[in-house]
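Structure record follows, encoded as structure tokens.
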Amino acid sequence: MPITDQEIKDLKETARRIRHDIIDTTVWAGGAHIGGGMSMVEILTILYFKYLKIDPTRPGWEERDRVVLSKGHGGAGYAPVLANRGYFDRAELKDFNHFMSNFGMHLDSLKVKGVDVSTGSLGHGLSMAVGLALGARLQKKEWLTYCILGDGECNEGSVWEAAMAAAHYKVTNLITFVDRNKLMIDGLTEKVMSVEPFADKWKAFGFIVKEIDGHSFRELADAIDFAQGEKTAPVVVIAHTKKGRGVDYMEDEVKWHYGSIDSELAKKAHASVDRMD
Amino acid sequence: MAKEVTGTTWTVYDANTMTQAEIYGAVLCELGDKHPNIVGLSADLAKSTKIGVFGDKFPERFFNVGIAEQNMFGVAAGLAKSGLLPFVSTMAAFTAMRGLEQVRTDICYQKLDVKMIATHGGVSFGAAGTTHHCTEDIAIMRSLANMTVIVPVDGIETACAVRACVDHPGPVYIRIGRGFEPLYYTDENYGFQIGKAVTISEGTDITLICCGVTVLQASQAAQTLKEQDGLSVRVLNMHTIKPIDEEAIMKAVLETRRIITLEDHNIFGGMGSAVADVIAKSGKGCAFEKVGIPDCYCVVGYPEDLYCHYKLDSDSIVDKVREVMGRDFEEDESWEDEV
């Protein structure tokens with residue numbers, strides 16, 4: 001069933017709330033990977049608030065859908081999504097990065113409720129997602145696995161080892177996203193190490209490619225509906241996004257890959273998010 | 001080809017006709033019947049590692065991921081997370097080095113039940129040269145938190161270890177050879193237990209602490225030393241390197257005061273270092289020697305020649321024991337004997 005206008009309206013408000021929480025978490029943490037956290041907010045919001053079969057009161061529920069945030073440095077973007085979905089209290093984010101906190105930059109699946117897989121070192125997530133999906137299929141389980149990659153991450157050879165395996169084993173109970181924000185730590189992906197022609201690479205590896213505006217809930221919904229129904233080959237959704245999305249002074253700015261913000265900058269960031277459509 | 005398993009234990013007859021890896025493959029097939037959650041993975045070495053035997057029996061439960069070890073260990077982690085029990089096999093070099101980050105971060109960090117049976121450990125693939133040797137794996141694997149490290153003596157002990165690891169929680173690394181290792185054990189009924197050294201022979205003059213192929217050589221050396229020198233040589237099979245049997249080591253320190261460790265591994269970081277850690281922590285002194293690959297890349301040759309070259313054969317062990325027995329450290333004035 002196509003996504004409704006009301007659903008989109010609600011998702012936008014949820015995404016706004018999450019963006020505010022990412023800004024606060026960045027302040028509490030003393031710094032965070034805020035740029036890439038902001039770019040994937042719509043992807044995570046639509047998954048956690050529309051598509052995922054989950055129960056936050058039972059994080060270990062066997063029948064739940066699994067999420068692998070392969071761009072694990074997005075922890076400060078991911079944890080607020082989980083808090084808003086009810087896995088834990090938002091106040092727990094206040095000790096993010098602090099001594100003995102359960103929350104570090106890269107979330108630990110043994111410490112943070114709702115995190116299915118520990119990630120952080122790039123190029124690991126898609127392999128684990130393929131394993132999860134193969135495991136579900138072998139055990140005749142209905143649950144799906146979703147994996148979110150970074151675009152710079154796709155420099156890692158292991159991503160393509162995993163892609164090859166996903167296509168070879170026709171892993172269609174796996175839906176892969178790439179947060180294509182076009183920036184990595186040292187600059188533009190196309191300057192540091194070009195990934196283009198990106199869609200062609202995925203096609204050559206046996207994937208069906210959907211290229212969309214990664215900030216459009218309608219396009220995300222269409223892509224996910226398509227991917228869920230596709231049973232001939234794995235689907236990758238290349239979600240074109242803006243790094244730092246929602247905070248005007250951060251958008252498309254490479255320096256906000258990781259940054260600290262003081263109360264003044266936080267105020268400006270909150271105001272910018274409030275102005276979002 | 002490995003034959004079908006007929007019994008529940010392995011006999012010298014079975015083991016004499018099968019390599020370590022073949023026994024592993026057959027035992028895994030047997031375990032596969034009992035445990036429907038066992039799955040197998042290899043990276044284009046299904047035939048060499050013999051996990052392919054499991055793949056032939058349970059094709060839907062076996063994944064050959066091609067020559068892509070990093071992906072293989074990541075996929076294994078995902079399969080474990082989904083509730084399955086993966087057994088992963090490739091050569092030791094590609095487990096401990098090529099796939100190391102996935103082994104550490106995806107498997108050990110998340111305390112996943114993934115069992116890694118690594119073949120061609122040490123210099124057992126002699127003629128293949130350094131790229132296919134692995135004299136670093138024990139050092140690497142024992143530095144990974146949550147990991148259990150086992151180096152079986154022969155095919156029979158491999159069967160014991162593979163069986164035991166099923167119920168042993170967390171990641172397990174079992175290092176075996178290329179498959180032509182001579183047998184030490186005659187059957188499985190000697191009380192194999194993860195983390196417990198096996199006393200091969202009792203002795204009071206010196207202890208040889210061994211793992212893998214060196215156990216047989218040391219036991220032969222002990223016999224020679226008894227007959228020719230009247231020495232009472234204790235031989236321990238330290239099949240589990242982590243967690244190491246501290247009690248057996250301390251007993252050897254206190255009762256024999258001389259220890260030699262013997263392993264097909266670099267002398268740095270391996271079983272000998274693990275033993276040395278225990279001795280150093282205790283504050284009790286003893287004469288101590290580590291014998292292994294002397295921090296170099298191994299020359300090319302057949303394994304039996306390499307073991308002689310690096311003094312891991314029984315004759316060299318006899319010489320080494322005589323040398324260590326000749327030391328008069330207890331007469332040294334600066335030596336304060338606490339015992």
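Here's how to read the names in the structure tokens: chain A, B, ... by the order shown, residue numbers from 1 in each chain, ligand numbers from 1 in the order shown.
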Item to complete: Considering only C-alpha atoms, extract the chain A residues located within 10 Å of chain B and return them as a count of residues only.
Response: 42
Worksheet item: Which polymer residues have any atom within 12 Å of an atom of Asp222 (chain A), counting only C-alpha atoms, with same-chain residues fewer than 6 positions away left out, as a PyMOL selection string?
Response: chain A and resi 1-4+46+51+210-214+216+228-229+237
Go ahead and write the selection's residues with C-alpha atoms as a PDB file, in the first residue's frame.
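Result file is selection03.pdb:
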```pdb
ATOM      1  CA  MET A   1       0.000   0.000   0.000  1.00  0.00           C
ATOM      2  CA  PRO A   2       1.509   3.338  -1.043  1.00  0.00           C
ATOM      3  CA  ILE A   3       2.562   5.679   1.690  1.00  0.00           C
ATOM      4  CA  THR A   4      -0.069   8.258   2.634  1.00  0.00           C
ATOM      5  CA  ILE A  46      11.151   5.282   7.668  1.00  0.00           C
ATOM      6  CA  TYR A  51       8.666  -0.782   7.947  1.00  0.00           C
ATOM      7  CA  LYS A 210      17.107   1.933  -7.224  1.00  0.00           C
ATOM      8  CA  GLU A 211      18.438   5.482  -7.199  1.00  0.00           C
ATOM      9  CA  ILE A 212      16.360   7.886  -5.179  1.00  0.00           C
ATOM     10  CA  ASP A 213      16.326  11.112  -3.209  1.00  0.00           C
ATOM     11  CA  GLY A 214      17.285   9.778   0.207  1.00  0.00           C
ATOM     12  CA  SER A 216      12.141  11.893   0.299  1.00  0.00           C
ATOM     13  CA  GLN A 228      10.450  -6.192  -0.470  1.00  0.00           C
ATOM     14  CA  GLY A 229       8.605  -7.581  -3.476  1.00  0.00           C
ATOM     15  CA  VAL A 237      18.866   1.565  -2.839  1.00  0.00           C
TER      16      VAL A 237
END
```
Worksheet entry | Contacts of Asp10 (chain A) at 12 Å (only C-alpha atoms; same-chain gap of 3+ positions) as a ChimeraX atom specification | /A:3-7,13-17,42,45-46,49-50,217
Practice prompt. Tell me which protein, DNA and RNA residues are within 7 Å of Val67 (chain A), counting only C-alpha atoms, leaving out same-chain ones fewer than 4 positions away, and put them as a ChimeraX atom specification.
Written response: /A:116,145-147
Prev. selection, N, CA and C atoms, output as a CSV table (one decimal), in the first residue's frame:
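New file out36.csv:
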```csv
chain,number,residue,atom,x,y,z
A,116,ASP,N,21.4,-4.5,16.5
A,116,ASP,CA,21.5,-6.0,16.3
A,116,ASP,C,23.0,-6.4,16.1
A,145,THR,N,16.5,-8.5,6.6
A,145,THR,CA,17.7,-7.8,7.1
A,145,THR,C,17.8,-6.5,6.2
A,146,TYR,N,18.1,-5.4,6.9
A,146,TYR,CA,18.4,-4.2,6.2
A,146,TYR,C,19.8,-3.7,6.6
A,147,CYS,N,20.5,-3.3,5.6
A,147,CYS,CA,21.9,-2.9,5.8
A,147,CYS,C,22.1,-1.5,5.2
```
Worksheet item: Between A:Ala167, A:Ile22, A:Asp225, A:Arg90, which is the closest to Leu47 (chain A) once you count only C-alpha atoms?
Response: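 Distance minimum relative to Leu47 (chain A) lands on A:Asp225.
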Worksheet item: Using only C-alpha atoms, which residues sit within 10 Å of His120 (chain B) once same-chain residues fewer than 2 positions away are excluded, as a list in words?
Response: Ala21, Ser48, Thr49, Thr90, Met91, Ala92, Ala93, Ala118, Gly122, Val123, Ser124, Phe125, Gly126, His132, His133, Cys134, Arg175, Ile176, Gly177, Arg178 and Gly179 of chain B
Worksheet item: By how many Å are CA of His240 (chain A) and CA of Glu190 (chain A) apart?
Response: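 Distance between the two atoms: 14.2 Å.
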Worksheet item: Restricting the calculation to only C-alpha atoms, which member of A:His20, A:Gly31, A:Ser39, A:Met276 is positioned closest to Asn84 (chain A)?
Response: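 Of A:His20, A:Gly31, A:Ser39, A:Met276, the one nearest Asn84 (chain A) is A:His20, counting only C-alpha atoms.
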Worksheet item: In region 247-290 of chain B, what's strand (DSSP E) per DSSP? Answer as a ChimeraX atom specification?
Response: /B:258-266,287-290
Print the selection's residues with C-alpha atoms to a file, as a PDB file, in the first residue's frame.
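Just written: result14.pdb:
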```pdb
ATOM      1  CA  ARG B 258      63.099 -27.178  34.429  1.00  0.00           C
ATOM      2  CA  ILE B 259      60.752 -26.506  31.531  1.00  0.00           C
ATOM      3  CA  ILE B 260      61.135 -26.615  27.781  1.00  0.00           C
ATOM      4  CA  THR B 261      58.240 -25.599  25.528  1.00  0.00           C
ATOM      5  CA  LEU B 262      58.031 -27.045  22.028  1.00  0.00           C
ATOM      6  CA  GLU B 263      55.776 -25.786  19.268  1.00  0.00           C
ATOM      7  CA  ASP B 264      55.466 -25.365  15.524  1.00  0.00           C
ATOM      8  CA  HIS B 265      55.167 -21.566  15.847  1.00  0.00           C
ATOM      9  CA  ASN B 266      57.334 -18.501  16.135  1.00  0.00           C
ATOM     10  CA  ALA B 287      65.183 -23.106  33.973  1.00  0.00           C
ATOM     11  CA  PHE B 288      63.156 -22.255  30.892  1.00  0.00           C
ATOM     12  CA  GLU B 289      63.640 -22.661  27.152  1.00  0.00           C
ATOM     13  CA  LYS B 290      61.290 -22.035  24.262  1.00  0.00           C
TER      14      LYS B 290
END
```
Name the residues of region 106-322 of chain B that come out as helix (DSSP H, G or I) in a backbone DSSP run; write them as an mmCIF file with C-alpha atoms, in the first residue's frame.
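The resulting file, out.cif, is shown below:
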```cif
data_model
loop_
_atom_site.group_PDB
_atom_site.id
_atom_site.type_symbol
_atom_site.label_atom_id
_atom_site.label_comp_id
_atom_site.auth_asym_id
_atom_site.auth_seq_id
_atom_site.Cartn_x
_atom_site.Cartn_y
_atom_site.Cartn_z
ATOM 1 C CA ASP B 106 32.686 -9.341 14.015
ATOM 2 C CA ILE B 107 33.099 -12.601 15.932
ATOM 3 C CA CYS B 108 35.131 -12.158 19.137
ATOM 4 C CA GLY B 126 56.308 -26.935 4.190
ATOM 5 C CA ALA B 127 57.048 -26.773 0.476
ATOM 6 C CA ALA B 128 54.440 -24.066 -0.117
ATOM 7 C CA THR B 130 56.027 -18.577 3.831
ATOM 8 C CA THR B 131 52.809 -17.351 2.193
ATOM 9 C CA HIS B 132 51.125 -20.602 3.186
ATOM 10 C CA ASP B 137 48.406 -17.670 14.558
ATOM 11 C CA ILE B 138 48.678 -18.789 18.178
ATOM 12 C CA ALA B 139 50.127 -15.404 19.163
ATOM 13 C CA ILE B 140 47.420 -13.573 17.240
ATOM 14 C CA MET B 141 44.500 -15.694 18.346
ATOM 15 C CA ARG B 142 45.392 -15.786 22.017
ATOM 16 C CA GLY B 155 43.539 -36.747 14.110
ATOM 17 C CA ILE B 156 42.125 -38.375 17.206
ATOM 18 C CA GLU B 157 42.575 -35.289 19.324
ATOM 19 C CA THR B 158 41.140 -33.223 16.479
ATOM 20 C CA ALA B 159 38.003 -35.337 16.743
ATOM 21 C CA CYS B 160 37.907 -34.684 20.503
ATOM 22 C CA ALA B 161 38.405 -30.954 20.071
ATOM 23 C CA VAL B 162 35.822 -30.554 17.314
ATOM 24 C CA ARG B 163 33.281 -32.464 19.377
ATOM 25 C CA ALA B 164 34.089 -30.475 22.526
ATOM 26 C CA CYS B 165 33.885 -27.075 20.888
ATOM 27 C CA VAL B 166 30.210 -27.517 20.011
ATOM 28 C CA THR B 214 55.688 -31.837 19.013
ATOM 29 C CA VAL B 215 53.848 -34.089 21.465
ATOM 30 C CA LEU B 216 54.820 -37.290 19.676
ATOM 31 C CA GLN B 217 58.436 -36.137 19.259
ATOM 32 C CA ALA B 218 58.687 -35.164 22.915
ATOM 33 C CA SER B 219 57.219 -38.452 24.090
ATOM 34 C CA GLN B 220 59.789 -40.345 22.022
ATOM 35 C CA ALA B 221 62.562 -38.107 23.405
ATOM 36 C CA ALA B 222 61.367 -38.801 26.957
ATOM 37 C CA GLN B 223 61.632 -42.532 26.334
ATOM 38 C CA THR B 224 65.160 -42.199 24.940
ATOM 39 C CA LEU B 225 66.257 -40.023 27.875
ATOM 40 C CA LYS B 226 64.859 -42.523 30.331
ATOM 41 C CA GLU B 227 66.676 -45.402 28.688
ATOM 42 C CA GLN B 228 69.985 -43.687 27.962
ATOM 43 C CA ASP B 229 70.310 -41.072 30.718
ATOM 44 C CA GLU B 246 47.999 -22.741 34.907
ATOM 45 C CA GLU B 247 47.744 -25.501 37.481
ATOM 46 C CA ALA B 248 49.609 -28.017 35.319
ATOM 47 C CA ILE B 249 52.305 -25.450 34.525
ATOM 48 C CA MET B 250 52.843 -24.490 38.175
ATOM 49 C CA LYS B 251 52.916 -28.118 39.194
ATOM 50 C CA ALA B 252 55.663 -28.655 36.617
ATOM 51 C CA VAL B 253 57.579 -25.609 37.828
ATOM 52 C CA LEU B 254 57.489 -26.714 41.449
ATOM 53 C CA GLU B 255 58.055 -30.419 40.874
ATOM 54 C CA THR B 256 60.610 -30.428 38.046
ATOM 55 C CA MET B 271 52.322 -21.449 23.563
ATOM 56 C CA GLY B 272 55.806 -20.946 25.047
ATOM 57 C CA SER B 273 55.030 -17.316 25.743
ATOM 58 C CA ALA B 274 51.718 -18.270 27.298
ATOM 59 C CA VAL B 275 53.555 -20.682 29.607
ATOM 60 C CA ALA B 276 56.173 -18.027 30.388
ATOM 61 C CA ASP B 277 53.418 -15.600 31.386
ATOM 62 C CA VAL B 278 52.171 -18.049 33.970
ATOM 63 C CA ILE B 279 55.642 -18.713 35.363
ATOM 64 C CA ALA B 280 56.529 -15.010 35.501
ATOM 65 C CA LYS B 281 53.290 -14.179 37.301
ATOM 66 C CA SER B 282 53.958 -16.832 39.923
ATOM 67 C CA PRO B 303 57.509 -30.738 7.152
ATOM 68 C CA GLU B 304 59.514 -33.592 8.680
ATOM 69 C CA ASP B 305 62.733 -32.001 7.382
ATOM 70 C CA LEU B 306 61.631 -28.595 8.656
ATOM 71 C CA TYR B 307 60.893 -29.969 12.123
ATOM 72 C CA CYS B 308 64.440 -31.410 12.221
ATOM 73 C CA HIS B 309 65.872 -28.127 10.911
ATOM 74 C CA SER B 314 62.973 -36.177 19.005
ATOM 75 C CA ASP B 315 66.756 -36.283 18.557
ATOM 76 C CA SER B 316 67.060 -32.509 18.853
ATOM 77 C CA ILE B 317 64.761 -32.555 21.865
ATOM 78 C CA VAL B 318 67.027 -35.130 23.536
ATOM 79 C CA ASP B 319 70.006 -32.822 22.951
ATOM 80 C CA LYS B 320 68.107 -29.801 24.272
ATOM 81 C CA VAL B 321 67.082 -31.652 27.437
ATOM 82 C CA ARG B 322 70.675 -32.728 28.083
#
```
Practice prompt. Tell me which protein, DNA and RNA residues are within 7 Å of Gly77 (chain A), counting only C-alpha atoms, leaving out same-chain ones fewer than 5 positions away, and put them as a list in words.
Written response: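 Using only C-alpha atoms, the neighbours found are Ile22, Ile34, Gly37 and Met38 of chain A.
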Could those residues be written to a file, using C-alpha atoms, as an mmCIF file, in the first residue's frame?
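Written output follows (again-v6.cif):
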```
data_model
loop_
_atom_site.group_PDB
_atom_site.id
_atom_site.type_symbol
_atom_site.label_atom_id
_atom_site.label_comp_id
_atom_site.auth_asym_id
_atom_site.auth_seq_id
_atom_site.Cartn_x
_atom_site.Cartn_y
_atom_site.Cartn_z
ATOM 1 C CA ILE A 22 21.276 14.229 17.259
ATOM 2 C CA ILE A 34 27.030 14.553 12.922
ATOM 3 C CA GLY A 37 24.227 11.059 11.128
ATOM 4 C CA MET A 38 22.051 13.768 9.631
#
```
Worksheet entry | Non-local contacts of Tyr190 (chain B) (12 Å; only C-alpha atoms; under 6 positions in same chain excluded) as a PyMOL selection string | chain B and resi 9-10+156-157+160+184+196-200+237
Just write the chosen residues, C-alpha atoms, as a short mmCIF file (atom, residue, chain, number, x, y, z; two decimals), in the first residue's frame.
```cif
data_model
loop_
_atom_site.label_atom_id
_atom_site.label_comp_id
_atom_site.auth_asym_id
_atom_site.auth_seq_id
_atom_site.Cartn_x
_atom_site.Cartn_y
_atom_site.Cartn_z
CA THR B 9 34.69 -42.68 18.77
CA TRP B 10 37.73 -42.85 16.59
CA ILE B 156 42.12 -38.37 17.21
CA GLU B 157 42.57 -35.29 19.32
CA CYS B 160 37.91 -34.68 20.50
CA TYR B 184 50.01 -40.18 18.95
CA LYS B 196 43.14 -29.14 30.82
CA ALA B 197 46.62 -30.31 29.85
CA VAL B 198 47.07 -34.04 29.39
CA THR B 199 50.03 -35.70 31.10
CA ILE B 200 51.69 -37.87 28.49
CA ASN B 237 50.16 -32.08 25.99
#
```
Discussion item. As an exercise, work out the distance from CA of Cys298 (chain B) to CA of Cys210 (chain B) in Å and give it to one decimal place.
Written reply: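 Those two atoms sit 19.7 Å apart.
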Item to complete: For CA of Ser101 (chain A) and CA of Trp28 (chain A), quote the distance in Å rounded to one decimal.
Response: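 Between CA of Ser101 (chain A) and CA of Trp28 (chain A) the gap works out to 12.0 Å.
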